[in-house]
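Trainee: This is the structure I have questions about; it appears just below.
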Amino acid sequence: MNIIVTGGAGFIGSNFVFHMLNKYPDYRIICLDKLTYAGNLSTLEPVMDNPKFRFVKADICDREAVNKLFEEEHPDVVVNFAAESHVDRSIENPGIFLETNIMGTQTLMDACRKYGIKRYHQVSTDEVYGDLPLDRPDLFFTEETPIHTSSPYSSSKAGADLLVLAYHRTYGLPVTISRCSNNYGPYHFPEKLIPLMIANALADKPLPVYGEGLNVRDWLYVEDHCKAIDLIIHNGRVGEVYNVGGHNEKQNIEIVKIICKELGKPESLITHVGDRKGHDMRYAIDPTKIHNELGWLPETKFEDGIKKTIQWYLDNRDWWETIISGEYQNYYDKMYSNR
Ligand code: NAD
Ligand code: TDX
């Protein structure tokens, strides 16, 4: 099997590349990635010499480059992780989110139609459902929950999802979609909540919690997400959407306090800063469908996953210190100085 993995130099994509090469030594994995600020070739260093792996630097919106890759590799499956992924950046600059997340998805699917594939899988997010109120813990997102987005990021992901379903209905493209909750684990880019708090705490810098920090996210260890996608591309039903989530809801403030405790840092580092515009209150996934149909369940307990994650950041300081010492510092100053 030949699989093109787009966005494989990013957080979840790289974990998926490692998972697939480990589990299926006969498969050929081709990573297509533009290497934006969020893509990091050093992450893929351990597999660069693997004869079953190839890295190609290209933009998913570049039709010529995408078509050339399909002609060279004859993929059976395409798994699309490539995206602009940070909600805060989408609030500052929505345009690139629409280009990559929607137009890039179209370009990839056009190539899939032209050259033929067995499966196109779209990696989507629970954010397409909008949010749930804090005072209704009985409510969860199912695959039938209406699309109701809040941010330019989630709108661009929802636009892509609708296009994927339209390509299935109109052209018969064999597609699947997974909508996953918040991931955490190794190689998570330091702009996101958990790695940002770990990096700041280690440097005894303020821990910037948006608003009161009562917003709830449903955290899933990245390896469990990769296993879900593996199951869906092999056994998922064409044309279907699968929700993926950890049944592991935590308020942001709880997460930050856990990180302080694990690192032996004082909670006095916590600083409440201006809230995110349009900030979603609560995400909570009902993963019954993927459990019943494909037997998927989250395997990593949060208490273990967060310890493993923190240890990874302690053991891999070079990886994230290189990132935060570069262009990222300008982003951080702009985003946090006047909040
Ligand atoms: P990330 O920002 O860490 O990585 C994105 C990768 O895509 C980077 O390697 C980047 O270089 C690449 N990329 C961006 N634009 C590209 C383009 N035009 N052409 C080719 N490559 C491009 O993101 P992530 O957190 O790993 O998320 C991966 C996917 O999973 C995204 O589609 C995201 O919407 C989805 N998702 C993420 C989460 C989460 O918690 N991180 C949860 C649910 C769904
Ligand atoms: O400095 C911070 N302070 C803070 O309070 C940051 C960066 C975040 N937050 C809050 C905002 C959110 O309520 O923490 C929560 C998590 O924020 P992010 O890590 O930015 O994630 P989120 O906005 O929930 O989106 C993530 O999960 C769904 C991914 O970035 C998306 O790509 C994915 O689709």
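Order determines the names: the first chain of the structure tokens is A, the second B, and so forth; residues in each chain are numbered 1 upward, and ligands are numbered 1 upward as they are shown.
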Output as a ChimeraX atom specification all residues of segment 227-316 of chain A that backbone DSSP marks as strand (DSSP E).
Mentor: /A:241-244,249-251,270-273
Trainee: Residues at most 7 Å from ligand 2, using only C-alpha atoms and all ligand atoms? Could they come as a list in words?
Mentor: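 Using only C-alpha atoms and all ligand atoms, everything at most 7 Å from ligand 2 comes to Ser85, His86, Val87, Asp88, Ser124, Thr125, Asp126, Glu127, Ser181, Asn182, Asn183, Glu191, Lys192, Leu193, Ile194, Leu196, Pro208, Val209, Tyr210, Gly213, Asn215, Val216, Arg217, Asn252, Arg276, His279 and Asp280 of chain A.
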Trainee: Could the residues in this selection be saved with C-alpha atoms as a short mmCIF file (atom, residue, chain, number, x, y, z; two decimals), in the first residue's frame?
Mentor:
data_model
loop_
_atom_site.label_atom_id
_atom_site.label_comp_id
_atom_site.auth_asym_id
_atom_site.auth_seq_id
_atom_site.Cartn_x
_atom_site.Cartn_y
_atom_site.Cartn_z
CA SER A 85 -4.21 24.68 12.73
CA HIS A 86 -4.04 27.48 15.32
CA VAL A 87 -7.29 29.24 16.26
CA ASP A 88 -5.52 32.41 17.54
CA SER A 124 -11.00 17.16 10.80
CA THR A 125 -11.86 18.53 14.21
CA ASP A 126 -14.61 18.64 16.83
CA GLU A 127 -14.49 22.44 16.47
CA SER A 181 -10.97 16.43 19.99
CA ASN A 182 -7.83 18.20 21.32
CA ASN A 183 -4.67 16.11 20.98
CA GLU A 191 2.02 27.83 20.48
CA LYS A 192 -0.66 25.41 21.78
CA LEU A 193 -1.88 25.30 25.40
CA ILE A 194 -0.05 22.28 26.85
CA LEU A 196 3.25 26.51 25.82
CA PRO A 208 -1.15 33.04 30.32
CA VAL A 209 -4.63 31.60 30.89
CA TYR A 210 -7.30 33.18 28.67
CA GLY A 213 -9.72 29.38 32.33
CA ASN A 215 -13.27 26.53 29.12
CA VAL A 216 -13.37 22.76 28.73
CA ARG A 217 -11.47 20.66 26.17
CA ASN A 252 -7.92 24.86 30.96
CA ARG A 276 -9.80 34.74 23.01
CA HIS A 279 -13.83 31.59 22.66
CA ASP A 280 -15.63 28.21 22.54
#
Trainee: Can you write out as a tab-separated table which residues of segment 15-130 of chain A fall within 6 Å of segment 143-155 of chain A, alongside each residue's closest atom pair and its distance in Å to one decimal, counting only C-alpha atoms and ordering rows by chain and ascending residue number?
Mentor:
residue	atom	partner	partner_atom	distance
A:Val87	CA	A:Tyr153	CA	5.5
A:Ser90	CA	A:Tyr153	CA	5.4
A:Pro94	CA	A:Pro152	CA	5.8
A:Glu127	CA	A:Ser154	CA	5.5
A:Val128	CA	A:Thr149	CA	5.3
A:Tyr129	CA	A:Ile147	CA	4.7
A:Gly130	CA	A:Thr149	CA	4.5
Trainee: Residues contacting ligand 1 - anything with an atom at most 7 Å away, using only C-alpha atoms and all ligand atoms - can you give me those as a short mmCIF file (atom, residue, chain, number, x, y, z; two decimals) with N, CA and C atoms, in the first residue's frame?
Mentor:
data_model
loop_
_atom_site.label_atom_id
_atom_site.label_comp_id
_atom_site.auth_asym_id
_atom_site.auth_seq_id
_atom_site.Cartn_x
_atom_site.Cartn_y
_atom_site.Cartn_z
N THR A 6 -0.23 14.05 4.04
CA THR A 6 0.08 15.48 3.94
C THR A 6 0.18 16.06 5.36
N GLY A 7 1.05 17.06 5.52
CA GLY A 7 1.21 17.66 6.86
C GLY A 7 1.96 16.74 7.81
N GLY A 8 2.74 15.82 7.27
CA GLY A 8 3.45 14.82 8.10
C GLY A 8 4.64 15.38 8.86
N ALA A 9 4.98 16.65 8.64
CA ALA A 9 6.06 17.26 9.43
C ALA A 9 5.51 18.05 10.61
N GLY A 10 4.19 18.00 10.79
CA GLY A 10 3.57 18.70 11.91
C GLY A 10 3.34 17.75 13.08
N PHE A 11 2.57 18.19 14.03
CA PHE A 11 2.37 17.45 15.29
C PHE A 11 1.73 16.06 15.06
N ILE A 12 0.48 16.04 14.65
CA ILE A 12 -0.21 14.74 14.57
C ILE A 12 0.29 13.94 13.37
N GLY A 13 0.54 14.65 12.25
CA GLY A 13 1.00 13.97 11.04
C GLY A 13 2.29 13.20 11.28
N LEU A 32 3.98 14.64 2.25
CA LEU A 32 3.98 15.89 1.48
C LEU A 32 3.73 17.03 2.47
N ASP A 33 4.67 17.96 2.57
CA ASP A 33 4.50 19.03 3.56
C ASP A 33 5.18 20.31 3.03
N LYS A 34 4.51 21.42 3.25
CA LYS A 34 5.04 22.72 2.78
C LYS A 34 6.13 23.26 3.71
N LEU A 35 6.22 22.68 4.90
CA LEU A 35 7.13 23.18 5.94
C LEU A 35 6.84 24.65 6.23
N THR A 36 5.62 24.92 6.66
CA THR A 36 5.28 26.25 7.16
C THR A 36 5.98 26.42 8.52
N TYR A 37 5.68 27.49 9.23
CA TYR A 37 6.26 27.69 10.56
C TYR A 37 6.00 26.47 11.46
N ALA A 38 4.91 25.74 11.19
CA ALA A 38 4.52 24.62 12.08
C ALA A 38 5.13 23.29 11.65
N GLY A 39 5.73 23.26 10.47
CA GLY A 39 6.33 22.01 9.99
C GLY A 39 7.81 21.99 10.34
N ASN A 40 8.31 20.80 10.68
CA ASN A 40 9.69 20.73 11.16
C ASN A 40 10.34 19.45 10.64
N ALA A 58 6.22 20.38 -0.55
CA ALA A 58 5.30 20.99 -1.51
C ALA A 58 4.06 21.48 -0.78
N ASP A 59 3.36 22.39 -1.47
CA ASP A 59 2.13 23.00 -0.95
C ASP A 59 0.94 22.19 -1.48
N ILE A 60 0.01 21.83 -0.62
CA ILE A 60 -1.16 21.07 -1.10
C ILE A 60 -2.01 21.90 -2.06
N CYS A 61 -1.80 23.23 -2.08
CA CYS A 61 -2.55 24.07 -3.03
C CYS A 61 -1.87 24.12 -4.41
N ASN A 80 -5.12 13.45 4.75
CA ASN A 80 -4.82 14.89 4.72
C ASN A 80 -4.81 15.51 6.12
N PHE A 81 -3.60 15.67 6.66
CA PHE A 81 -3.41 16.39 7.92
C PHE A 81 -3.05 17.86 7.67
N ALA A 82 -2.57 18.17 6.46
CA ALA A 82 -2.02 19.52 6.20
C ALA A 82 -3.09 20.57 6.45
N ALA A 83 -2.76 21.53 7.28
CA ALA A 83 -3.70 22.61 7.57
C ALA A 83 -2.99 23.71 8.33
N GLU A 84 -3.57 24.89 8.28
CA GLU A 84 -3.26 25.91 9.27
C GLU A 84 -4.12 25.52 10.46
N SER A 85 -3.50 25.36 11.64
CA SER A 85 -4.21 24.68 12.73
C SER A 85 -4.45 25.52 13.98
N HIS A 86 -3.94 26.76 14.04
CA HIS A 86 -4.04 27.48 15.32
C HIS A 86 -5.14 28.54 15.31
N THR A 100 -5.32 27.23 2.50
CA THR A 100 -4.78 25.88 2.75
C THR A 100 -5.89 24.89 3.09
N GLY A 104 -6.72 23.80 -0.55
CA GLY A 104 -5.76 22.69 -0.54
C GLY A 104 -6.48 21.35 -0.56
N VAL A 123 -8.64 14.66 7.85
CA VAL A 123 -8.48 14.76 9.30
C VAL A 123 -9.12 16.07 9.74
N SER A 124 -10.26 15.96 10.41
CA SER A 124 -11.00 17.16 10.80
C SER A 124 -11.06 17.26 12.33
N THR A 125 -11.90 18.13 12.80
CA THR A 125 -11.86 18.53 14.21
C THR A 125 -13.26 18.63 14.81
N ASP A 126 -13.33 18.45 16.14
CA ASP A 126 -14.61 18.64 16.83
C ASP A 126 -15.06 20.10 16.80
N LYS A 157 -12.21 24.53 8.39
CA LYS A 157 -12.23 23.06 8.49
C LYS A 157 -13.62 22.53 8.12
N ARG A 179 -13.39 13.41 13.00
CA ARG A 179 -13.46 14.69 13.73
C ARG A 179 -13.01 14.42 15.15
N CYS A 180 -11.81 14.87 15.45
CA CYS A 180 -11.18 14.53 16.72
C CYS A 180 -11.16 15.72 17.67
N SER A 181 -11.10 15.40 18.96
CA SER A 181 -10.97 16.43 19.99
C SER A 181 -9.50 16.84 20.14
N ASN A 182 -9.20 17.67 21.12
CA ASN A 182 -7.83 18.20 21.32
C ASN A 182 -6.83 17.08 21.57
N ASN A 183 -5.75 17.08 20.79
CA ASN A 183 -4.67 16.11 20.98
C ASN A 183 -3.58 16.71 21.87
N TYR A 184 -2.81 15.84 22.52
CA TYR A 184 -1.60 16.27 23.21
C TYR A 184 -0.58 15.15 23.10
N HIS A 188 4.17 18.47 19.79
CA HIS A 188 3.09 19.46 19.76
C HIS A 188 3.74 20.83 19.69
N PHE A 189 3.35 21.65 18.72
CA PHE A 189 3.99 22.95 18.50
C PHE A 189 3.76 23.86 19.71
#
Trainee: Quick one: distance from atom CA of Pro25 of chain A to atom CA of Leu69 of chain A in Å, one decimal?
Mentor: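 Atom CA of Pro25 of chain A sits 21.5 Å away from atom CA of Leu69 of chain A.
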Trainee: Near Tyr167 of chain A, counting only C-alpha atoms, which residues have an atom at most 12 Å away, once you skip same-chain residues fewer than 6 positions from it, shown as a PyMOL selection string?
Mentor: chain A and resi 105-113+120+122+160-161+173-176+238-239
Trainee: Save the residues we just selected, C-alpha atoms, as a tab-separated table (two decimals), in the first residue's frame?
Mentor:
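Generated file (selection-v1.tsv):
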chain	number	residue	atom	x	y	z
A	105	THR	CA	-8.36	20.02	0.23
A	106	GLN	CA	-9.96	20.64	-3.18
A	107	THR	CA	-6.61	20.36	-4.97
A	108	LEU	CA	-5.82	17.05	-3.26
A	109	MET	CA	-9.26	15.61	-4.00
A	110	ASP	CA	-9.05	16.70	-7.66
A	111	ALA	CA	-5.81	14.72	-7.95
A	112	CYS	CA	-7.52	11.76	-6.25
A	113	ARG	CA	-10.29	11.91	-8.86
A	120	TYR	CA	-9.20	9.89	0.68
A	122	GLN	CA	-9.81	14.05	5.81
A	160	ALA	CA	-13.39	21.46	3.80
A	161	ASP	CA	-15.54	18.75	5.42
A	173	LEU	CA	-14.88	9.80	-4.43
A	174	PRO	CA	-14.25	7.17	-1.70
A	175	VAL	CA	-13.85	9.47	1.31
A	176	THR	CA	-13.92	9.25	5.09
A	238	VAL	CA	-16.86	5.12	2.69
A	239	GLY	CA	-18.81	8.39	2.89
Trainee: Among the residues of segment 61-223 of chain A, find those DSSP assigns to alpha helix (DSSP H) from the backbone and print them as an MDAnalysis selection string.
Mentor: chainID A and resid 63:73 87:92 95:97 104:115 152:171 193:202 222:223
Trainee: Please produce a file of the residues just selected, as a PDB file, in the first residue's frame, where the atoms kept are C-alpha atoms.
Mentor:
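Saved the output as again-v5.pdb:
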ATOM      1  CA  ARG A  63      -1.815  21.610  -8.380  1.00  0.00           C
ATOM      2  CA  GLU A  64       1.227  20.909 -10.537  1.00  0.00           C
ATOM      3  CA  ALA A  65       3.323  19.609  -7.624  1.00  0.00           C
ATOM      4  CA  VAL A  66       0.438  17.527  -6.279  1.00  0.00           C
ATOM      5  CA  ASN A  67      -0.297  15.980  -9.687  1.00  0.00           C
ATOM      6  CA  LYS A  68       3.393  15.224 -10.239  1.00  0.00           C
ATOM      7  CA  LEU A  69       3.563  13.397  -6.920  1.00  0.00           C
ATOM      8  CA  PHE A  70       0.479  11.323  -7.754  1.00  0.00           C
ATOM      9  CA  GLU A  71       2.017  10.397 -11.143  1.00  0.00           C
ATOM     10  CA  GLU A  72       5.243   9.317  -9.459  1.00  0.00           C
ATOM     11  CA  GLU A  73       3.783   7.452  -6.490  1.00  0.00           C
ATOM     12  CA  VAL A  87      -7.287  29.238  16.260  1.00  0.00           C
ATOM     13  CA  ASP A  88      -5.518  32.408  17.544  1.00  0.00           C
ATOM     14  CA  ARG A  89      -3.627  32.839  14.266  1.00  0.00           C
ATOM     15  CA  SER A  90      -6.890  32.410  12.320  1.00  0.00           C
ATOM     16  CA  ILE A  91      -8.386  35.309  14.276  1.00  0.00           C
ATOM     17  CA  GLU A  92      -5.437  37.528  13.250  1.00  0.00           C
ATOM     18  CA  GLY A  95      -7.008  34.251   4.557  1.00  0.00           C
ATOM     19  CA  ILE A  96      -4.297  31.590   4.654  1.00  0.00           C
ATOM     20  CA  PHE A  97      -6.700  29.303   6.573  1.00  0.00           C
ATOM     21  CA  GLY A 104      -5.755  22.690  -0.542  1.00  0.00           C
ATOM     22  CA  THR A 105      -8.361  20.025   0.227  1.00  0.00           C
ATOM     23  CA  GLN A 106      -9.962  20.641  -3.181  1.00  0.00           C
ATOM     24  CA  THR A 107      -6.606  20.361  -4.970  1.00  0.00           C
ATOM     25  CA  LEU A 108      -5.823  17.051  -3.262  1.00  0.00           C
ATOM     26  CA  MET A 109      -9.258  15.611  -3.998  1.00  0.00           C
ATOM     27  CA  ASP A 110      -9.054  16.697  -7.663  1.00  0.00           C
ATOM     28  CA  ALA A 111      -5.811  14.722  -7.952  1.00  0.00           C
ATOM     29  CA  CYS A 112      -7.522  11.761  -6.254  1.00  0.00           C
ATOM     30  CA  ARG A 113     -10.285  11.911  -8.861  1.00  0.00           C
ATOM     31  CA  LYS A 114      -7.869  12.298 -11.769  1.00  0.00           C
ATOM     32  CA  TYR A 115      -5.530   9.454 -10.825  1.00  0.00           C
ATOM     33  CA  PRO A 152     -12.174  31.349  11.007  1.00  0.00           C
ATOM     34  CA  TYR A 153     -10.131  28.172  11.681  1.00  0.00           C
ATOM     35  CA  SER A 154     -13.146  25.995  12.473  1.00  0.00           C
ATOM     36  CA  SER A 155     -15.110  27.533   9.587  1.00  0.00           C
ATOM     37  CA  SER A 156     -12.337  26.643   7.164  1.00  0.00           C
ATOM     38  CA  LYS A 157     -12.233  23.065   8.489  1.00  0.00           C
ATOM     39  CA  ALA A 158     -16.035  22.821   8.223  1.00  0.00           C
ATOM     40  CA  GLY A 159     -15.901  24.170   4.646  1.00  0.00           C
ATOM     41  CA  ALA A 160     -13.388  21.460   3.796  1.00  0.00           C
ATOM     42  CA  ASP A 161     -15.537  18.746   5.419  1.00  0.00           C
ATOM     43  CA  LEU A 162     -18.573  19.804   3.391  1.00  0.00           C
ATOM     44  CA  LEU A 163     -16.496  19.768   0.206  1.00  0.00           C
ATOM     45  CA  VAL A 164     -15.215  16.272   1.021  1.00  0.00           C
ATOM     46  CA  LEU A 165     -18.791  14.996   1.464  1.00  0.00           C
ATOM     47  CA  ALA A 166     -19.816  16.768  -1.764  1.00  0.00           C
ATOM     48  CA  TYR A 167     -16.974  15.070  -3.704  1.00  0.00           C
ATOM     49  CA  HIS A 168     -18.281  11.752  -2.408  1.00  0.00           C
ATOM     50  CA  ARG A 169     -21.880  12.397  -3.360  1.00  0.00           C
ATOM     51  CA  THR A 170     -21.226  14.179  -6.671  1.00  0.00           C
ATOM     52  CA  TYR A 171     -18.203  12.305  -8.024  1.00  0.00           C
ATOM     53  CA  LEU A 193      -1.883  25.304  25.400  1.00  0.00           C
ATOM     54  CA  ILE A 194      -0.054  22.275  26.851  1.00  0.00           C
ATOM     55  CA  PRO A 195       3.427  22.726  25.300  1.00  0.00           C
ATOM     56  CA  LEU A 196       3.247  26.505  25.817  1.00  0.00           C
ATOM     57  CA  MET A 197       2.565  26.050  29.520  1.00  0.00           C
ATOM     58  CA  ILE A 198       5.330  23.433  29.869  1.00  0.00           C
ATOM     59  CA  ALA A 199       7.887  25.680  28.122  1.00  0.00           C
ATOM     60  CA  ASN A 200       6.895  28.785  30.108  1.00  0.00           C
ATOM     61  CA  ALA A 201       6.805  26.944  33.434  1.00  0.00           C
ATOM     62  CA  LEU A 202      10.288  25.514  32.837  1.00  0.00           C
ATOM     63  CA  VAL A 222      -1.982  11.706  19.995  1.00  0.00           C
ATOM     64  CA  GLU A 223      -1.115   8.008  19.566  1.00  0.00           C
TER      65      GLU A 223
END
Trainee: Can you list, as a list of chain:residue names, every protein, DNA or RNA residue that comes within 9 Å of Ile233 of chain A when you count only C-alpha atoms, leaving out same-chain residues fewer than 5 positions away?
Mentor: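 So the residues in contact are A:Val77, A:Val79, A:Arg119, A:Tyr120, A:His121, A:Thr176, A:Ala228.
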Trainee: Could you name the residues that touch Thr288 of chain A at 12 Å or less, counting only C-alpha atoms, but leaving out those on the same chain fewer than 5 positions away, as a PyMOL selection string?
Mentor: chain A and resi 140-143+242-247+293-298
Trainee: From the list A:Met20, A:Ile324, A:Ile253, A:Ala284, which residue is nearest Leu231 of chain A when using only C-alpha atoms?
Mentor: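 Looking only at the distances to Leu231 of chain A, the closest residue turns out to be A:Met20.
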Trainee: So what do you get for atom CA of Met1 of chain A versus atom CA of Met103 of chain A, distance-wise?
Mentor: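 Atom-to-atom, atom CA of Met1 of chain A to atom CA of Met103 of chain A, that is 26.6 Å.
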Trainee: Find the residue from A:Gly274, A:Arg237, A:Ile323, A:Lys334 that sits nearest to Leu41 of chain A; use only C-alpha atoms when measuring.
Mentor: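 Looking only at the distances to Leu41 of chain A, the closest residue turns out to be A:Ile323.
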Trainee: Which value, in Å to one decimal, gives the distance between atom CA of Ile177 of chain A and atom CA of Lys227 of chain A?
Mentor: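 A separation of 14.3 Å between them.
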Trainee: For Asp230 of chain A, which residue out of A:Lys265, A:Ile255, A:Asn101, A:Ile290 is the nearest one, using only C-alpha atoms?
Mentor: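 So, comparing all the options, the nearest one is A:Ile290.
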Trainee: Determine the nearest neighbour of Glu254 of chain A from the options A:Leu134, A:Leu214, A:Leu220, A:Val241, counting only C-alpha atoms.
Mentor: A:Leu214
